[in-house]
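**Student:** Have a look at this one.
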Amino acid sequence: MVLNGIGITTASESQERSHGQLHVYDGEGKGKSQAALGVVLRTIGLGICEKRETRVLLLRFLKGPGRSYDEDAAIDALQQGFPHLIDQVRTGRGEFFNANQSTQFDYQEAQRGWDIAKGAIASALYSVVVLDELNPVLDLGLLPVEEVVKTLTSRPNGMEIIVTGRAAPNPLIKVAELHSEMKAHRRPEMNKDKILFENNIGGIEIYTGEGKGKSTSALGKALQAIGRGISQDKSHRVLILQWLKGGSGYTEDAAIAALRESYPHLVDHLRSGRDAIVWRGQQKPIDYVEAERAWEIARAAISSGLYKTVILDELNPTVDLELLPVEPIVQTLLRKPSETEVIITGRCKNQPLYFDLASVHSEMVCHKHYAEKGVDLKRGVDY
């Protein structure tokens, strides 16, 4: 079960579900496609480590040639690192358009993509099917919602289907087992009573909230960083630091191990904390020691500029539990090298001051989660 409140559910004792679920990620905030790619990476990592049959289809609507997208580099890294495990199809045109600007070509491309999706779902050859930007296709009226819903609800038993994009239609949300909205928070205007930003600080992204997709989005960012480095023929090293995730059983480990096997020396990974949920008012001395140990590594990594991407997974609840002070984090972020990206994840009740530094702040709002109905979580997808 997913527990509300500060802390992480230990994965080592979880019972795994076998029935595939329908995930819907929508909203104005950033992180929808990244979360889908994070699930893909987890699935592939688990399949490699446990010699399971895993195969993924990435079907991208409204993302035709002539335009580049944030996730392109991440997909390139996946396809280069794990050949034959991932199939990708892009449909549509590259430019933005509204419903009044739809052309016959747009309808044809949407139908072409949907025909491919229907065939892939019927074949049961894929363990995960990602229908990226299907939501706006339905919102534009390019495909009949009823037919899409009927096909998705009659999918093979073990298949996970992930639908992304803004403006998911209500009939699709109704049948989805998981619905997570990425809510965008705009950076507030600074005044003299707040931190003075003499330079425009970029490259700080925060993913928070009760909904699913925070750590998964971070995994998607790691893929994106590696792919960007490959495309530029440069070293783009990634450090993934995780707080409150001690013990074993998390398939981030399998995903990261798979990445390191394909891209040696590009990914470093450290987890800290106990194999237990840390509740407010029940912190133990070891919790403070583990939190500080990971932060010292994070501070050095950010300041050094040796890593182009540093992921601070579950830093938010660590600070919210007062296991770490806020001020050193703020000062480190203020002084970070401009070319270093820092990704911070985790839920929290009270937003720390460093939230004001973020160029991207997406809150994952949980509208529906199958765990609330007693459905067991699934390795490689949920944890």
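Residues in the structure tokens are numbered from 1 in each chain, the chains being A, B, ... in the order shown, and ligands are numbered from 1 in the order shown.
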Extract, using only C-alpha atoms, all DNA, RNA and protein residues at most 6 Å from Ala358 of chain A, discarding same-chain residues fewer than 3 positions from it, and format them as a short mmCIF file (atom, residue, chain, number, x, y, z; two decimals) with N, CA, C and O atoms, in the first residue's frame.
**Tutor:**
data_model
loop_
_atom_site.label_atom_id
_atom_site.label_comp_id
_atom_site.auth_asym_id
_atom_site.auth_seq_id
_atom_site.Cartn_x
_atom_site.Cartn_y
_atom_site.Cartn_z
N ILE A 204 17.40 23.96 -11.95
CA ILE A 204 16.93 23.37 -10.69
C ILE A 204 15.47 22.97 -10.90
O ILE A 204 14.62 23.82 -11.17
N GLU A 205 15.19 21.68 -10.80
CA GLU A 205 13.83 21.18 -10.98
C GLU A 205 13.38 20.44 -9.73
O GLU A 205 14.16 19.68 -9.14
N PHE A 355 12.72 25.96 -2.62
CA PHE A 355 11.70 25.84 -3.67
C PHE A 355 11.66 27.11 -4.53
O PHE A 355 11.34 27.07 -5.71
#
**Student:** What parts of segment 17-259 of chain A does DSSP call strand (DSSP E)? I'd like the answer as an NGL selection string.
**Tutor:** :A and (22-26 or 56-60 or 86-90 or 128-132 or 160-164 or 178-184 or 204-208 or 238-242)
**Student:** Residues near Arg155 of chain A, anyone? I mean within 9 Å using only C-alpha atoms, not counting same-chain ones fewer than 5 positions away, as a list in words.
**Tutor:** Gly20, Ile121, Ala122, Ala124, Lys150, Glu160 and Ile161 of chain A
**Student:** Go through A:Asp275, A:Leu239, A:Ser127, A:Gly29 and flag the residue nearest Arg260 of chain A, using only C-alpha atoms for the distances.
**Tutor:** A:Leu239
**Student:** When distances are computed from only C-alpha atoms, which of A:Pro136, A:Pro317, A:Pro144, A:Gly158 shows the smallest separation from Gln21 of chain A?
**Tutor:**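 Closest candidate: A:Gly158.
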**Student:** For Gly273 of chain A, please output as a PDB file with N, CA and C atoms, in the first residue's frame all residues within 6 Å (counting only C-alpha atoms; exclusion window: fewer than 3 positions along the same chain).
**Tutor:**
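Final output, saved to result13.pdb:
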ATOM      1  N   TRP A 243      17.692   9.521  -0.390  1.00  0.00           N
ATOM      2  CA  TRP A 243      17.515   9.521   1.060  1.00  0.00           C
ATOM      3  C   TRP A 243      16.329   8.640   1.446  1.00  0.00           C
ATOM      4  N   LEU A 244      16.321   8.181   2.689  1.00  0.00           N
ATOM      5  CA  LEU A 244      15.185   7.439   3.262  1.00  0.00           C
ATOM      6  C   LEU A 244      14.874   6.157   2.487  1.00  0.00           C
ATOM      7  N   LYS A 245      15.867   5.613   1.814  1.00  0.00           N
ATOM      8  CA  LYS A 245      15.655   4.403   1.020  1.00  0.00           C
ATOM      9  C   LYS A 245      16.745   3.383   1.314  1.00  0.00           C
ATOM     10  N   GLY A 246      16.858   3.018   2.577  1.00  0.00           N
ATOM     11  CA  GLY A 246      17.795   1.970   2.933  1.00  0.00           C
ATOM     12  C   GLY A 246      17.199   0.603   2.657  1.00  0.00           C
ATOM     13  N   GLU A 290      22.696   9.422   8.676  1.00  0.00           N
ATOM     14  CA  GLU A 290      22.571   8.997   7.290  1.00  0.00           C
ATOM     15  C   GLU A 290      22.201  10.164   6.376  1.00  0.00           C
TER      16      GLU A 290
END
**Student:** Using Å and a single decimal, report how far atom CA of Val149 of chain A sits from atom CA of Phe97 of chain A.
**Tutor:**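 Atom-to-atom, atom CA of Phe97 of chain A and atom CA of Val149 of chain A are spaced 24.0 Å apart.
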